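J.: Pasting a structure here, questions to come.
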Amino acid sequence: MAALQYRSDHFMEAVHELVSEHAATFTFAGLANVLWSCAALESKPELSDLVAAAAVQLSEPLPADLVRMAWAFARLGKRDPTFIELLKRQVEVIPRLDSILLPDLAWALLKLQATDGAVLQKLLDQAGRVSKLDGMGWMTLILALRANQADTAQLDGLLSRCAAQMTGELPQQADSSILALDWLLQSVNVPEDAGRLRDAVATQVASRRLDNSNLEKMFSDEGSCLRLPASEGNLIATI
């Protein structure tokens, strides 16, 4: 239902009642899906307290479920201290995170103000292994790391990796990804080896006749998070 962007107040009331009465019986994945649905549908933010209380009692979550829940807390603007401690603890011990999860995790940590030195270093270590993202993913990851005060040299390295992957793939990218890359390249000092990407993005914007006159409103801060995470594009949340 959430993936289809269909909102039913009656359904969400039933979910609220179910979680209120049976939160202790949910798996971590089930709790993450419930909260993700609330965030995606902008409904029942008060469920976050119940979800956090139940989640911290469970065993170690799968990385995808952890990121899904973190994104939902951040999207709802809920800085639950118990969940944030769980999140930071888990991020520090994850051996390797799928590249597609990193942008949403970096953004969630930024919005939850949960990026201390150890967590930031872990994010940078993980980001250094990224080989493939879409334009929206690269924008979210790099700008979130920059906002978290990542080292300029490391950000330049990520921009170079982004350019190496994306320059030849722009014709296959969605319009939203082209505009995201346009905003990214306007927002940072572009290293010399990423200059070709900037020119190629400008060509795509012109040839597709895309409106890039208000990218700051579209992508900065809250704007960039209004998309659903790419990793959840086909998810129908279940409990």
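By order of appearance in the structure tokens: chains A, B, ..., then residues from 1 within every chain, and ligands from 1 in the order shown.
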Residues within 7 Å of range 131-133 of chain A, please, as a PyMOL selection string. Count only C-alpha atoms; anything in the same chain fewer than 4 positions from it doesn't count.
T.: chain A and resi 100+137-138+165
J.: Write out, as a PDB file, in the first residue's frame, the residues just selected, with N, CA, C and O atoms.
T.:
```pdb
ATOM      1  N   ILE A 100      23.484   0.316  -2.483  1.00  0.00           N
ATOM      2  CA  ILE A 100      22.195   0.976  -2.671  1.00  0.00           C
ATOM      3  C   ILE A 100      21.609   1.481  -1.355  1.00  0.00           C
ATOM      4  O   ILE A 100      20.778   2.393  -1.336  1.00  0.00           O
ATOM      5  N   GLY A 137      21.158   8.660  -6.006  1.00  0.00           N
ATOM      6  CA  GLY A 137      21.941   8.044  -4.945  1.00  0.00           C
ATOM      7  C   GLY A 137      23.267   8.748  -4.718  1.00  0.00           C
ATOM      8  O   GLY A 137      23.664   9.009  -3.580  1.00  0.00           O
ATOM      9  N   TRP A 138      23.975   9.060  -5.814  1.00  0.00           N
ATOM     10  CA  TRP A 138      25.250   9.773  -5.681  1.00  0.00           C
ATOM     11  C   TRP A 138      25.043  11.133  -5.031  1.00  0.00           C
ATOM     12  O   TRP A 138      25.811  11.538  -4.152  1.00  0.00           O
ATOM     13  N   GLN A 165      31.624   6.361 -13.246  1.00  0.00           N
ATOM     14  CA  GLN A 165      30.486   5.488 -13.511  1.00  0.00           C
ATOM     15  C   GLN A 165      29.433   6.160 -14.382  1.00  0.00           C
ATOM     16  O   GLN A 165      28.915   5.574 -15.333  1.00  0.00           O
TER      17      GLN A 165
END
```
J.: Calculated over only C-alpha atoms, which of the candidates A:Thr167, A:Thr27, A:Gln186, A:Gln172 has the smallest distance to Pro61 in chain A?
T.: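 The answer is A:Thr27, which sits nearest to Pro61 in chain A.
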J.: Do you know which residues are at most 10 Å from Gln113 in chain A counting only C-alpha atoms, after dropping those on the same chain fewer than 6 positions away, and could you put them as a VMD selection string?
T.: chain A and resid 74 79 84 107 148
J.: For the selection you just gave me, I'd like the residues written to a file as a PDB file, in the first residue's frame, keeping all heavy atoms.
T.:
```pdb
ATOM      1  N   ALA A  74      13.932   9.281  10.408  1.00  0.00           N
ATOM      2  CA  ALA A  74      14.405  10.575   9.915  1.00  0.00           C
ATOM      3  C   ALA A  74      13.320  11.296   9.132  1.00  0.00           C
ATOM      4  O   ALA A  74      13.134  12.507   9.275  1.00  0.00           O
ATOM      5  CB  ALA A  74      15.643  10.371   9.045  1.00  0.00           C
ATOM      6  N   ARG A  79      13.609  11.822  16.663  1.00  0.00           N
ATOM      7  CA  ARG A  79      14.946  11.488  17.171  1.00  0.00           C
ATOM      8  C   ARG A  79      14.806  10.701  18.474  1.00  0.00           C
ATOM      9  O   ARG A  79      15.012  11.228  19.557  1.00  0.00           O
ATOM     10  CB  ARG A  79      15.780  12.738  17.387  1.00  0.00           C
ATOM     11  CG  ARG A  79      16.116  13.511  16.133  1.00  0.00           C
ATOM     12  CD  ARG A  79      17.176  14.576  16.398  1.00  0.00           C
ATOM     13  NE  ARG A  79      18.469  13.965  16.718  1.00  0.00           N
ATOM     14  CZ  ARG A  79      19.006  13.940  17.934  1.00  0.00           C
ATOM     15  NH1 ARG A  79      18.373  14.472  18.966  1.00  0.00           N
ATOM     16  NH2 ARG A  79      20.181  13.366  18.147  1.00  0.00           N
ATOM     17  N   ILE A  84      18.450   5.675  18.225  1.00  0.00           N
ATOM     18  CA  ILE A  84      19.690   6.263  17.715  1.00  0.00           C
ATOM     19  C   ILE A  84      20.903   5.516  18.266  1.00  0.00           C
ATOM     20  O   ILE A  84      21.867   5.243  17.539  1.00  0.00           O
ATOM     21  CB  ILE A  84      19.755   7.764  18.057  1.00  0.00           C
ATOM     22  CG1 ILE A  84      18.759   8.533  17.177  1.00  0.00           C
ATOM     23  CG2 ILE A  84      21.169   8.315  17.851  1.00  0.00           C
ATOM     24  CD1 ILE A  84      18.637  10.000  17.515  1.00  0.00           C
ATOM     25  N   TRP A 107      21.913   9.866   4.735  1.00  0.00           N
ATOM     26  CA  TRP A 107      20.937  10.943   4.923  1.00  0.00           C
ATOM     27  C   TRP A 107      20.226  10.811   6.267  1.00  0.00           C
ATOM     28  O   TRP A 107      20.039  11.793   6.988  1.00  0.00           O
ATOM     29  CB  TRP A 107      19.915  10.932   3.785  1.00  0.00           C
ATOM     30  CG  TRP A 107      18.863  11.967   3.980  1.00  0.00           C
ATOM     31  CD1 TRP A 107      18.938  13.286   3.658  1.00  0.00           C
ATOM     32  CD2 TRP A 107      17.591  11.782   4.611  1.00  0.00           C
ATOM     33  NE1 TRP A 107      17.780  13.930   4.036  1.00  0.00           N
ATOM     34  CE2 TRP A 107      16.943  13.034   4.623  1.00  0.00           C
ATOM     35  CE3 TRP A 107      16.941  10.671   5.157  1.00  0.00           C
ATOM     36  CZ2 TRP A 107      15.671  13.211   5.165  1.00  0.00           C
ATOM     37  CZ3 TRP A 107      15.676  10.845   5.697  1.00  0.00           C
ATOM     38  CH2 TRP A 107      15.056  12.104   5.695  1.00  0.00           C
ATOM     39  N   ASN A 148      27.970  16.246   6.846  1.00  0.00           N
ATOM     40  CA  ASN A 148      28.502  15.623   8.056  1.00  0.00           C
ATOM     41  C   ASN A 148      29.983  15.932   8.262  1.00  0.00           C
ATOM     42  O   ASN A 148      30.642  15.289   9.077  1.00  0.00           O
ATOM     43  CB  ASN A 148      28.299  14.104   7.996  1.00  0.00           C
ATOM     44  CG  ASN A 148      26.924  13.686   8.475  1.00  0.00           C
ATOM     45  OD1 ASN A 148      26.473  14.104   9.532  1.00  0.00           O
ATOM     46  ND2 ASN A 148      26.246  12.856   7.688  1.00  0.00           N
TER      47      ASN A 148
END
```
J.: Wanna dump the range 90-163 of chain A-range 193-206 of chain A contacts at 12 Å for me, each residue with its shortest atom pair and the distance in Å to one decimal, counting only C-alpha atoms, ordered by chain and number, as CSV?
T.:
```
residue,atom,partner,partner_atom,distance
A:Gly135,CA,A:Val201,CA,10.3
A:Leu155,CA,A:Ala194,CA,11.9
A:Asp156,CA,A:Ala194,CA,9.0
A:Gly157,CA,A:Ala194,CA,9.9
A:Leu158,CA,A:Ala194,CA,10.1
A:Leu159,CA,A:Ala194,CA,6.7
A:Ser160,CA,A:Ala194,CA,5.6
A:Arg161,CA,A:Ala194,CA,8.6
A:Cys162,CA,A:Ala194,CA,8.1
A:Ala163,CA,A:Ala194,CA,5.2
```
J.: Give the helix (DSSP H, G or I) residues of range 68-216 of chain A, as DSSP finds them on the backbone, and put them as a PyMOL selection string.
T.: chain A and resi 68-76+81-93+99-111+117-127+135-147+152-166+170-172+175-187+192-208+215-216
J.: Within 8 Å of Lys78 in chain A, counting only C-alpha atoms, which residues show up once you throw out same-chain ones fewer than 3 positions away? Write them as an MDAnalysis selection string, please.
T.: chainID A and resid 48 73:75 112
J.: What's the separation between CA of Phe28 in chain A and CA of Leu120 in chain A, in Å to one decimal place?
T.: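 Answer for the CA of Phe28 in chain A to CA of Leu120 in chain A separation: 24.4 Å.
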J.: Work out how far CA of Ala55 in chain A is from CA of Lys111 in chain A, in Å to one decimal.
T.: 19.7 Å
J.: Rounded to one decimal place, report the CA of Leu210 in chain A-CA of Leu181 in chain A distance in Å.
T.: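 Straight-line distance from CA of Leu210 in chain A to CA of Leu181 in chain A works out to 12.6 Å.
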J.: For each of A:Lys217, A:Arg129, A:Arg208, A:Arg146, take the minimum atom-to-atom distance to Asp98 in chain A, counting only C-alpha atoms, then give the residue where this is smallest.
T.: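 When distances to Asp98 in chain A are compared using only C-alpha atoms, the smallest one comes from A:Arg129.
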J.: Pick from A:Leu102, A:Met69, A:Ala164, A:Asp175: nearest to Ala39 in chain A, with only C-alpha atoms counted?
T.: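 Checking each candidate against Ala39 in chain A, we get A:Met69 as the closest.
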J.: For Met166 in chain A, which residue among A:Thr25, A:Ile178, A:Ala40, A:Leu143 is the nearest when counting only C-alpha atoms?
T.: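 Residue with the minimum atom-to-atom distance to Met166 in chain A: A:Ile178.
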J.: Smallest atom-to-atom distance to Leu66 in chain A: which of A:Leu87, A:Met218, A:Ala106, A:Ala52, using only C-alpha atoms?
T.: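 Smallest separation from Leu66 in chain A among the options: A:Leu87.
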